[in-house]
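Chemist: See input28.csv below, with CSV, C-alpha atoms.
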```
chain,number,residue,atom,x,y,z
A,240,ASP,CA,0.0,0.0,0.0
A,241,LYS,CA,1.2,3.5,-0.8
A,242,TYR,CA,0.4,6.6,1.3
A,243,SER,CA,1.1,10.3,1.0
A,244,PHE,CA,2.0,11.8,4.4
A,245,PHE,CA,1.6,15.3,5.8
A,246,LEU,CA,3.6,16.2,8.9
A,247,GLU,CA,1.9,18.6,11.3
A,248,THR,CA,3.4,19.7,14.7
A,249,LEU,CA,0.5,20.4,17.1
A,250,GLU,CA,0.9,23.1,19.6
A,251,LYS,CA,-1.5,23.8,22.5
A,252,GLY,CA,-4.5,25.9,21.9
A,253,LYS,CA,-6.0,27.3,18.7
A,254,SER,CA,-3.4,25.9,16.3
A,255,ILE,CA,-4.5,22.3,17.0
A,256,ARG,CA,-8.0,23.1,15.8
A,257,GLU,CA,-6.6,24.9,12.8
A,258,ASN,CA,-4.3,22.0,11.9
A,259,LEU,CA,-7.1,19.5,12.2
A,260,LEU,CA,-9.3,21.6,9.9
A,261,ARG,CA,-6.4,21.9,7.4
A,262,LEU,CA,-6.1,18.1,7.4
A,263,TRP,CA,-9.8,17.8,6.9
A,264,GLU,CA,-9.7,20.2,4.0
A,265,LYS,CA,-6.9,18.1,2.4
A,266,LYS,CA,-9.2,15.1,2.7
A,267,VAL,CA,-6.7,13.0,4.5
A,268,SER,CA,-8.0,9.5,5.2
A,269,LYS,CA,-6.2,8.8,8.5
A,270,ILE,CA,-4.2,10.6,11.1
A,271,ILE,CA,-1.2,9.1,13.0
A,272,VAL,CA,-0.9,10.6,16.5
A,273,LEU,CA,2.7,10.5,17.9
A,274,GLY,CA,2.3,11.3,21.5
A,275,GLY,CA,0.7,10.2,24.8
A,276,ASP,CA,-2.4,11.0,26.9
A,277,GLY,CA,-1.6,14.7,27.0
A,278,THR,CA,-1.4,14.9,23.2
A,279,LEU,CA,-4.8,13.2,23.0
A,280,PHE,CA,-6.2,15.5,25.6
A,281,HIS,CA,-5.3,18.6,23.6
A,282,ILE,CA,-6.7,17.1,20.4
A,283,ILE,CA,-10.0,16.1,21.8
A,284,ASN,CA,-10.4,19.5,23.5
A,285,ASN,CA,-9.9,21.3,20.1
A,286,ILE,CA,-11.4,18.8,17.7
A,287,PRO,CA,-13.8,20.4,15.2
A,288,LYS,CA,-17.5,19.5,15.2
A,289,ASN,CA,-18.4,16.5,13.1
A,290,PHE,CA,-14.7,15.7,12.6
A,291,ASN,CA,-14.6,12.0,11.5
A,292,ILE,CA,-11.1,11.3,10.3
A,293,PRO,CA,-9.9,8.2,12.3
A,294,PHE,CA,-6.8,8.4,14.5
A,295,SER,CA,-4.1,5.8,14.6
A,296,LEU,CA,-2.0,5.9,17.8
A,297,PHE,CA,1.7,5.5,18.4
A,298,PRO,CA,2.9,5.7,22.0
A,299,SER,CA,5.6,8.3,22.4
A,300,GLY,CA,4.4,10.2,25.5
A,301,SER,CA,5.5,10.0,29.1
A,302,GLY,CA,2.7,7.8,30.3
A,303,ASN,CA,0.8,6.3,27.4
A,304,ASP,CA,-2.0,5.0,29.6
A,305,PHE,CA,-4.8,5.2,27.1
A,306,ILE,CA,-2.8,3.4,24.4
A,307,LYS,CA,-1.9,0.7,26.9
A,308,THR,CA,-5.6,0.1,27.5
A,309,ILE,CA,-6.1,-0.5,23.8
A,310,PHE,CA,-2.9,-2.3,22.8
A,311,GLY,CA,-1.3,-3.5,26.0
A,312,ASN,CA,2.5,-2.9,26.1
A,313,LYS,CA,3.0,-3.0,22.3
A,314,LYS,CA,5.7,-0.5,21.3
A,315,ASP,CA,7.2,-1.7,18.1
A,316,LEU,CA,6.6,0.6,15.0
A,317,SER,CA,5.7,-2.3,12.7
A,318,PHE,CA,2.7,-3.3,14.9
A,319,PHE,CA,1.3,0.2,14.9
A,320,TYR,CA,1.9,0.6,11.2
A,321,GLU,CA,-0.1,-2.5,10.7
A,322,VAL,CA,-2.9,-1.0,12.7
A,323,PHE,CA,-2.7,2.1,10.6
A,324,LYS,CA,-2.9,0.1,7.4
A,325,ARG,CA,-5.4,-2.6,8.3
A,326,GLY,CA,-7.3,-1.2,11.3
A,327,ILE,CA,-11.0,-0.8,11.4
A,328,ILE,CA,-12.7,2.3,12.7
A,329,LYS,CA,-14.2,2.2,16.3
A,330,ASN,CA,-16.2,5.0,17.7
A,331,THR,CA,-14.6,5.9,21.1
A,332,TYR,CA,-16.1,7.6,24.1
A,333,THR,CA,-14.6,10.5,26.0
A,334,GLY,CA,-15.2,12.0,29.5
A,335,GLU,CA,-16.3,15.5,30.3
A,336,VAL,CA,-15.8,17.7,33.3
A,337,ILE,CA,-18.2,20.7,33.6
A,338,THR,CA,-17.6,23.6,36.0
A,339,GLU,CA,-19.5,26.9,36.3
A,340,ASN,CA,-17.3,28.6,33.7
A,341,LYS,CA,-15.4,25.9,31.8
A,342,LYS,CA,-15.8,22.5,30.1
A,343,TYR,CA,-13.0,20.0,29.7
A,344,PHE,CA,-12.9,16.7,27.8
A,345,PHE,CA,-10.6,13.8,28.6
A,346,VAL,CA,-9.7,10.6,26.7
A,347,ASN,CA,-8.2,8.4,29.4
A,348,ALA,CA,-8.8,9.5,33.1
A,349,ALA,CA,-9.6,12.3,35.4
A,350,GLY,CA,-8.2,12.6,39.0
A,351,PHE,CA,-9.2,15.0,41.8
A,352,GLY,CA,-7.2,16.1,44.8
A,353,PHE,CA,-4.1,14.0,45.7
A,354,ASP,CA,-3.8,12.3,42.3
A,355,ALA,CA,-3.8,15.7,40.6
A,356,LYS,CA,-1.2,17.0,43.0
A,357,ILE,CA,1.0,14.0,42.0
A,358,ALA,CA,0.4,14.8,38.3
A,359,LYS,CA,1.3,18.4,38.9
A,360,ARG,CA,4.6,17.4,40.6
A,361,ALA,CA,5.3,14.9,37.8
A,362,LEU,CA,5.2,17.7,35.2
A,363,LYS,CA,8.3,19.1,36.8
A,364,ILE,CA,10.3,15.9,36.7
A,365,ARG,CA,11.7,15.5,33.2
A,366,ALA,CA,14.4,12.8,33.9
A,367,LEU,CA,11.9,10.0,34.4
A,368,ARG,CA,8.9,8.7,32.5
A,369,GLY,CA,5.9,6.6,33.2
A,370,LEU,CA,5.3,4.8,36.4
A,371,LEU,CA,8.7,5.7,38.0
A,372,ARG,CA,8.0,9.4,37.5
A,373,TYR,CA,4.5,9.0,39.1
A,374,LEU,CA,5.9,7.0,42.0
A,375,LEU,CA,8.6,9.6,42.8
A,376,SER,CA,6.1,12.4,42.6
A,377,LEU,CA,3.8,10.5,44.9
A,378,PHE,CA,6.5,10.1,47.5
A,379,ILE,CA,7.3,13.8,47.4
A,380,GLU,CA,3.7,14.9,47.7
A,381,LEU,CA,3.1,12.6,50.7
A,382,ARG,CA,4.9,15.3,52.7
A,383,GLY,CA,1.8,17.5,52.3
A,384,LYS,CA,-2.0,17.2,52.4
A,385,ILE,CA,-3.3,14.0,50.8
A,386,SER,CA,-7.1,13.8,51.6
A,387,TYR,CA,-10.0,16.1,50.8
A,388,GLU,CA,-13.6,16.5,51.9
A,389,MET,CA,-16.0,15.6,49.1
A,390,GLU,CA,-19.6,14.8,48.5
A,391,ILE,CA,-20.1,12.5,45.5
A,392,GLU,CA,-23.6,11.7,44.0
A,393,ASP,CA,-24.4,9.6,41.0
A,394,GLY,CA,-28.2,9.6,40.9
A,395,GLU,CA,-28.5,6.4,43.1
A,396,LYS,CA,-26.3,7.1,46.1
A,397,VAL,CA,-24.6,9.9,47.9
A,398,LEU,CA,-21.1,9.5,49.4
A,399,LYS,CA,-19.7,12.0,51.9
A,400,GLY,CA,-16.3,11.9,53.5
A,401,LYS,CA,-12.6,12.5,53.4
A,402,TYR,CA,-11.1,10.8,50.4
A,403,LEU,CA,-7.5,10.2,49.2
A,404,ILE,CA,-8.4,9.5,45.6
A,405,LEU,CA,-11.4,10.2,43.3
A,406,GLY,CA,-10.6,8.8,39.9
A,407,LEU,CA,-12.8,8.5,36.8
A,408,GLY,CA,-11.7,6.1,34.1
A,409,ILE,CA,-12.4,5.8,30.4
A,410,GLY,CA,-9.2,3.8,30.1
A,411,LYS,CA,-7.9,1.2,32.5
A,412,TYR,CA,-4.6,2.8,33.6
A,413,LEU,CA,-3.5,6.0,35.3
A,414,GLY,CA,-0.1,7.4,36.3
A,415,GLY,CA,1.9,5.5,33.8
A,416,GLY,CA,0.8,2.0,34.9
A,417,PHE,CA,-1.5,2.0,37.9
A,418,TYR,CA,-4.3,-0.5,37.0
A,419,LEU,CA,-6.9,1.7,38.7
A,420,PHE,CA,-9.9,0.9,36.5
A,421,PRO,CA,-9.7,-2.8,35.6
A,422,ASP,CA,-13.1,-3.0,33.9
A,423,ALA,CA,-13.0,0.3,32.1
A,424,SER,CA,-13.6,0.5,28.4
A,425,PRO,CA,-13.5,3.4,26.0
A,426,PHE,CA,-16.2,1.7,23.9
A,427,GLU,CA,-18.7,1.6,26.7
A,428,LYS,CA,-20.9,4.6,27.7
A,429,LYS,CA,-19.8,4.3,31.4
A,430,LEU,CA,-17.2,5.9,33.6
A,431,SER,CA,-15.4,3.5,36.0
A,432,ILE,CA,-15.2,5.4,39.3
A,433,CYS,CA,-12.6,4.6,41.9
A,434,ILE,CA,-12.7,6.2,45.4
A,435,ILE,CA,-10.1,5.6,48.0
A,436,LYS,CA,-10.9,6.6,51.6
A,437,ASP,CA,-8.6,8.6,53.8
A,438,MET,CA,-5.8,6.6,55.4
A,439,ASP,CA,-2.5,7.4,57.1
A,440,LYS,CA,0.6,7.8,55.1
A,441,ILE,CA,2.2,4.6,56.2
A,442,SER,CA,-0.9,2.7,55.0
A,443,VAL,CA,-0.5,4.4,51.6
A,444,PHE,CA,3.0,2.9,51.3
A,445,LYS,CA,1.8,-0.5,52.3
A,446,LYS,CA,-1.2,-0.6,50.0
A,447,LEU,CA,0.2,1.1,47.0
A,448,PRO,CA,1.2,-2.1,45.2
A,449,HIS,CA,-2.5,-3.1,45.1
A,450,ALA,CA,-3.3,-0.2,42.9
A,451,ILE,CA,-0.5,-1.3,40.4
A,452,LYS,CA,-1.9,-4.8,40.3
A,453,GLY,CA,-5.6,-3.9,40.3
A,454,THR,CA,-6.2,-5.8,43.6
A,455,HIS,CA,-7.1,-2.5,45.4
A,456,LEU,CA,-10.7,-3.3,44.5
A,457,PHE,CA,-10.7,-5.8,47.4
A,458,LEU,CA,-9.4,-3.3,50.0
A,459,PRO,CA,-11.9,-2.0,52.6
A,460,GLU,CA,-10.8,1.6,51.8
A,461,CYS,CA,-11.8,1.2,48.1
A,462,ILE,CA,-15.3,2.2,46.7
A,463,TYR,CA,-15.7,1.2,43.1
A,464,PHE,CA,-18.6,1.4,40.7
A,465,LYS,CA,-19.7,2.4,37.2
A,466,SER,CA,-21.9,5.3,36.2
A,467,GLU,CA,-22.7,7.6,33.3
A,468,GLY,CA,-21.8,10.6,35.5
A,469,ILE,CA,-21.4,12.1,39.0
A,470,ASN,CA,-22.0,15.4,40.7
A,471,LEU,CA,-19.2,16.5,43.0
A,472,LYS,CA,-19.4,19.1,45.9
A,473,LEU,CA,-16.2,20.4,47.4
A,474,ASN,CA,-15.4,22.5,50.5
A,475,GLU,CA,-12.2,23.9,49.1
A,476,LYS,CA,-10.2,24.6,46.0
A,477,ILE,CA,-8.4,21.6,44.7
A,478,PHE,CA,-6.5,20.5,41.6
A,479,ILE,CA,-7.8,18.2,38.9
A,480,GLN,CA,-5.8,16.2,36.4
A,481,LEU,CA,-7.2,15.3,33.0
A,482,ASP,CA,-5.0,12.9,31.0
A,483,GLY,CA,-2.0,14.2,33.0
A,484,GLU,CA,-2.8,17.9,32.3
A,485,VAL,CA,-3.4,19.8,35.6
A,486,PHE,CA,-5.9,22.6,36.4
A,487,LYS,CA,-7.0,24.3,39.6
A,488,LEU,CA,-10.7,24.0,40.4
A,489,ASN,CA,-12.1,27.1,41.9
A,490,ASP,CA,-15.7,25.9,41.7
A,491,LYS,CA,-17.4,24.1,44.7
A,492,LYS,CA,-19.8,22.2,42.4
A,493,VAL,CA,-18.6,20.0,39.4
A,494,ARG,CA,-20.3,17.7,37.0
A,495,ALA,CA,-18.4,14.8,35.4
A,496,LYS,CA,-19.9,12.4,32.9
A,497,VAL,CA,-19.5,10.4,29.7
A,498,SER,CA,-19.4,13.0,26.9
A,499,ASP,CA,-21.3,13.1,23.6
A,500,ARG,CA,-18.0,14.1,22.0
A,501,LYS,CA,-16.4,11.0,20.5
A,502,PHE,CA,-13.5,10.3,18.1
A,503,ASN,CA,-12.8,7.6,15.6
A,504,LEU,CA,-10.0,5.2,16.6
A,505,LEU,CA,-8.2,2.6,14.3
A,506,TYR,CA,-7.7,-0.8,15.8
A,507,ILE,CA,-7.4,-4.5,14.9
A,508,LEU,CA,-10.0,-6.7,16.5
A,509,SER,CA,-7.7,-9.7,16.7
A,510,LEU,CA,-5.0,-7.7,18.5
A,511,ILE,CA,-7.1,-5.5,20.8
A,512,HIS,CA,-6.2,-5.6,24.5
A,513,ILE,CA,-9.7,-5.0,26.0
```
What is this file in structure tokens?

Modeler:
Amino acid sequence: DKYSFFLETLEKGKSIRENLLRLWEKKVSKIIVLGGDGTLFHIINNIPKNFNIPFSLFPSGSGNDFIKTIFGNKKDLSFFYEVFKRGIIKNTYTGEVITENKKYFFVNAAGFGFDAKIAKRALKIRALRGLLRYLLSLFIELRGKISYEMEIEDGEKVLKGKYLILGLGIGKYLGGGFYLFPDASPFEKKLSICIIKDMDKISVFKKLPHAIKGTHLFLPECIYFKSEGINLKLNEKIFIQLDGEVFKLNDKKVRAKVSDRKFNLLYILSLIHI
């Protein structure tokens, strides 16, 4: 097969939308994304309405959690080129976080509070990548505040308390390899929601390996369920991370849900990891 390729360097903000529109006008048939979760975050937050060109992914970011959900630990170029050539199109869900003044979309996962503080710290550490970078950031951030008062409501139940983690998953992984959402699927209109109750810092050390293996679901501190969306009430300003990109939440009320905004993904059914 012969292909003609256009190389576009995507920068944050308006230029991403402009570049995608330019590719659309050129009637390209497929787009290869060289990047990780953060790259996908900026694409989905700037994608034009009714944009239907499928994306083929190649993991070259610092975490690559979303790609790991789809293709496991595949990293060789020949595999992803095969997906690009022979892949079928699959419509893929995204998540949405709505505040009073802003709306954000995410492709892989959202984290509130302590997880977002870890992600913020990780952005400053350039020498490491993936899980090691997240772990080092976690150990550094354990010196400060780790739990936050939250009220979480999903239409069926209301949870009130002090929580270490509130994570929302479209993909299965977070932080470069934490298997936080074992049953999550980007092809299902549900968020996997993982809540970890407050615990002392020594217990965080002891129970951390469970979150890497996915066995945290059996811990008494873990609350796990699936939902199309939640309403969140906060008593203080906290950070939120969306696909590794960090923002400060100034709002006391937040809505998070599966979004109507989707994108087309190329994959090969016989090789899919889900």

Chemist: Write out as a list in words each polymer residue whose atoms come within 8 Å of stretch 317-319 of chain A, counting only C-alpha atoms; drop sequence neighbours fewer than 3 positions from it.

Modeler: Ser295, Leu296, Phe297, Lys313, Lys314, Val322 and Phe323 of chain A

Chemist: To one decimal place, how far is atom CA of A:Ala355 from atom CA of A:Tyr373 in Å?

Modeler: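 Atom CA of A:Tyr373 lies at a distance of 10.8 Å from atom CA of A:Ala355.
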
Chemist: Between stretch 409-467 of chain A and stretch 329-336 of chain A, at 9 Å or less, what are the per-residue closest atom pairs and their distances in Å? Count all atoms listed in the file, order by chain and rising residue number, and return it as a Markdown table.

Modeler:
```
| residue | atom | partner | partner_atom | distance |
| --- | --- | --- | --- | --- |
| A:Ile409 | CA | A:Thr333 | CA | 6.8 |
| A:Ser424 | CA | A:Tyr332 | CA | 8.7 |
| A:Pro425 | CA | A:Tyr332 | CA | 5.3 |
| A:Phe426 | CA | A:Thr331 | CA | 5.3 |
| A:Glu427 | CA | A:Tyr332 | CA | 7.0 |
| A:Lys428 | CA | A:Tyr332 | CA | 6.7 |
| A:Lys429 | CA | A:Tyr332 | CA | 8.8 |
| A:Leu430 | CA | A:Gly334 | CA | 7.6 |
```

Chemist: Measuring between only C-alpha atoms, which one of A:Lys396, A:Lys288, A:Lys476, A:Arg372 shows the shortest distance to A:Trp263?

Modeler: A:Lys288

Chemist: Which residue out of A:Glu380, A:Glu460, A:Glu390, A:Asp482 has the minimum interatomic distance to A:Asn347 when only C-alpha atoms are used?

Modeler: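 Ranked by minimum distance to A:Asn347, first place goes to A:Asp482.
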
Chemist: Point out the residue among A:Leu473, A:Ala349, A:Leu505, A:Ala358 with the least atom-to-atom distance to A:Lys411, counting all atoms listed in the file.

Modeler: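 Of A:Leu473, A:Ala349, A:Leu505, A:Ala358, the one nearest A:Lys411 is A:Ala349, counting all atoms listed in the file.
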
Chemist: Save all heavy atoms of stretch 479-490 of chain A from the block above as a CSV table (one decimal), in the first residue's frame.

Modeler:
```
chain,number,residue,atom,x,y,z
A,479,ILE,N,-7.3,19.3,39.7
A,479,ILE,CA,-7.8,18.2,38.9
A,479,ILE,C,-6.8,17.9,37.8
A,479,ILE,O,-6.2,18.8,37.2
A,479,ILE,CB,-9.2,18.5,38.3
A,479,ILE,CG1,-9.7,17.4,37.5
A,479,ILE,CG2,-9.2,19.8,37.5
A,479,ILE,CD1,-11.1,17.6,36.9
A,480,GLN,N,-6.6,16.6,37.5
A,480,GLN,CA,-5.8,16.2,36.4
A,480,GLN,C,-6.6,15.5,35.4
A,480,GLN,O,-7.5,14.7,35.7
A,480,GLN,CB,-4.6,15.4,36.8
A,480,GLN,CG,-4.8,14.0,37.3
A,480,GLN,CD,-4.9,13.0,36.1
A,480,GLN,OE1,-4.6,13.3,35.0
A,480,GLN,NE2,-5.3,11.7,36.4
A,481,LEU,N,-6.5,15.9,34.1
A,481,LEU,CA,-7.2,15.3,33.0
A,481,LEU,C,-6.1,14.8,32.0
A,481,LEU,O,-5.5,15.6,31.3
A,481,LEU,CB,-8.1,16.3,32.3
A,481,LEU,CG,-9.1,16.9,33.3
A,481,LEU,CD1,-9.8,18.2,32.6
A,481,LEU,CD2,-10.2,16.0,33.7
A,482,ASP,N,-6.0,13.5,31.9
A,482,ASP,CA,-5.0,12.9,31.0
A,482,ASP,C,-3.6,13.4,31.3
A,482,ASP,O,-2.8,13.6,30.4
A,482,ASP,CB,-5.3,13.1,29.5
A,482,ASP,CG,-6.7,12.5,29.2
A,482,ASP,OD1,-7.0,11.5,29.8
A,482,ASP,OD2,-7.4,13.1,28.3
A,483,GLY,N,-3.3,13.7,32.6
A,483,GLY,CA,-2.0,14.2,33.0
A,483,GLY,C,-1.8,15.7,32.9
A,483,GLY,O,-0.8,16.2,33.4
A,484,GLU,N,-2.8,16.4,32.4
A,484,GLU,CA,-2.8,17.9,32.3
A,484,GLU,C,-3.5,18.4,33.6
A,484,GLU,O,-4.6,17.9,33.9
A,484,GLU,CB,-3.5,18.4,31.1
A,484,GLU,CG,-2.8,17.9,29.8
A,484,GLU,CD,-1.4,18.4,29.6
A,484,GLU,OE1,-1.2,19.6,29.6
A,484,GLU,OE2,-0.5,17.5,29.4
A,485,VAL,N,-2.9,19.4,34.3
A,485,VAL,CA,-3.4,19.8,35.6
A,485,VAL,C,-4.0,21.2,35.6
A,485,VAL,O,-3.5,22.1,35.0
A,485,VAL,CB,-2.2,19.7,36.6
A,485,VAL,CG1,-2.7,20.1,38.0
A,485,VAL,CG2,-1.6,18.3,36.6
A,486,PHE,N,-5.1,21.3,36.3
A,486,PHE,CA,-5.9,22.6,36.4
A,486,PHE,C,-6.3,22.8,37.8
A,486,PHE,O,-6.5,21.8,38.6
A,486,PHE,CB,-7.1,22.6,35.5
A,486,PHE,CG,-6.8,22.2,34.0
A,486,PHE,CD1,-6.8,20.9,33.6
A,486,PHE,CD2,-6.4,23.2,33.2
A,486,PHE,CE1,-6.5,20.6,32.3
A,486,PHE,CE2,-6.1,22.9,31.8
A,486,PHE,CZ,-6.2,21.6,31.4
A,487,LYS,N,-6.5,24.0,38.2
A,487,LYS,CA,-7.0,24.3,39.6
A,487,LYS,C,-8.5,24.5,39.5
A,487,LYS,O,-9.0,25.3,38.7
A,487,LYS,CB,-6.3,25.5,40.2
A,487,LYS,CG,-6.6,25.7,41.6
A,487,LYS,CD,-5.7,26.7,42.3
A,487,LYS,CE,-5.9,26.7,43.8
A,487,LYS,NZ,-5.0,27.7,44.5
A,488,LEU,N,-9.2,23.8,40.3
A,488,LEU,CA,-10.7,24.0,40.4
A,488,LEU,C,-11.0,25.0,41.4
A,488,LEU,O,-10.8,24.9,42.6
A,488,LEU,CB,-11.3,22.6,40.8
A,488,LEU,CG,-11.6,21.6,39.7
A,488,LEU,CD1,-12.2,20.4,40.3
A,488,LEU,CD2,-12.4,22.2,38.5
A,489,ASN,N,-11.7,26.1,41.0
A,489,ASN,CA,-12.1,27.1,41.9
A,489,ASN,C,-13.6,27.0,42.2
A,489,ASN,O,-14.1,27.6,43.1
A,489,ASN,CB,-11.9,28.5,41.2
A,489,ASN,CG,-10.4,28.8,41.0
A,489,ASN,OD1,-9.6,28.6,41.9
A,489,ASN,ND2,-10.1,29.3,39.9
A,490,ASP,N,-14.3,26.1,41.5
A,490,ASP,CA,-15.7,25.9,41.7
A,490,ASP,C,-16.0,24.9,42.9
A,490,ASP,O,-15.2,23.9,43.0
A,490,ASP,CB,-16.4,25.4,40.5
A,490,ASP,CG,-16.2,26.3,39.3
A,490,ASP,OD1,-15.1,26.4,38.8
A,490,ASP,OD2,-17.1,27.0,38.9
```
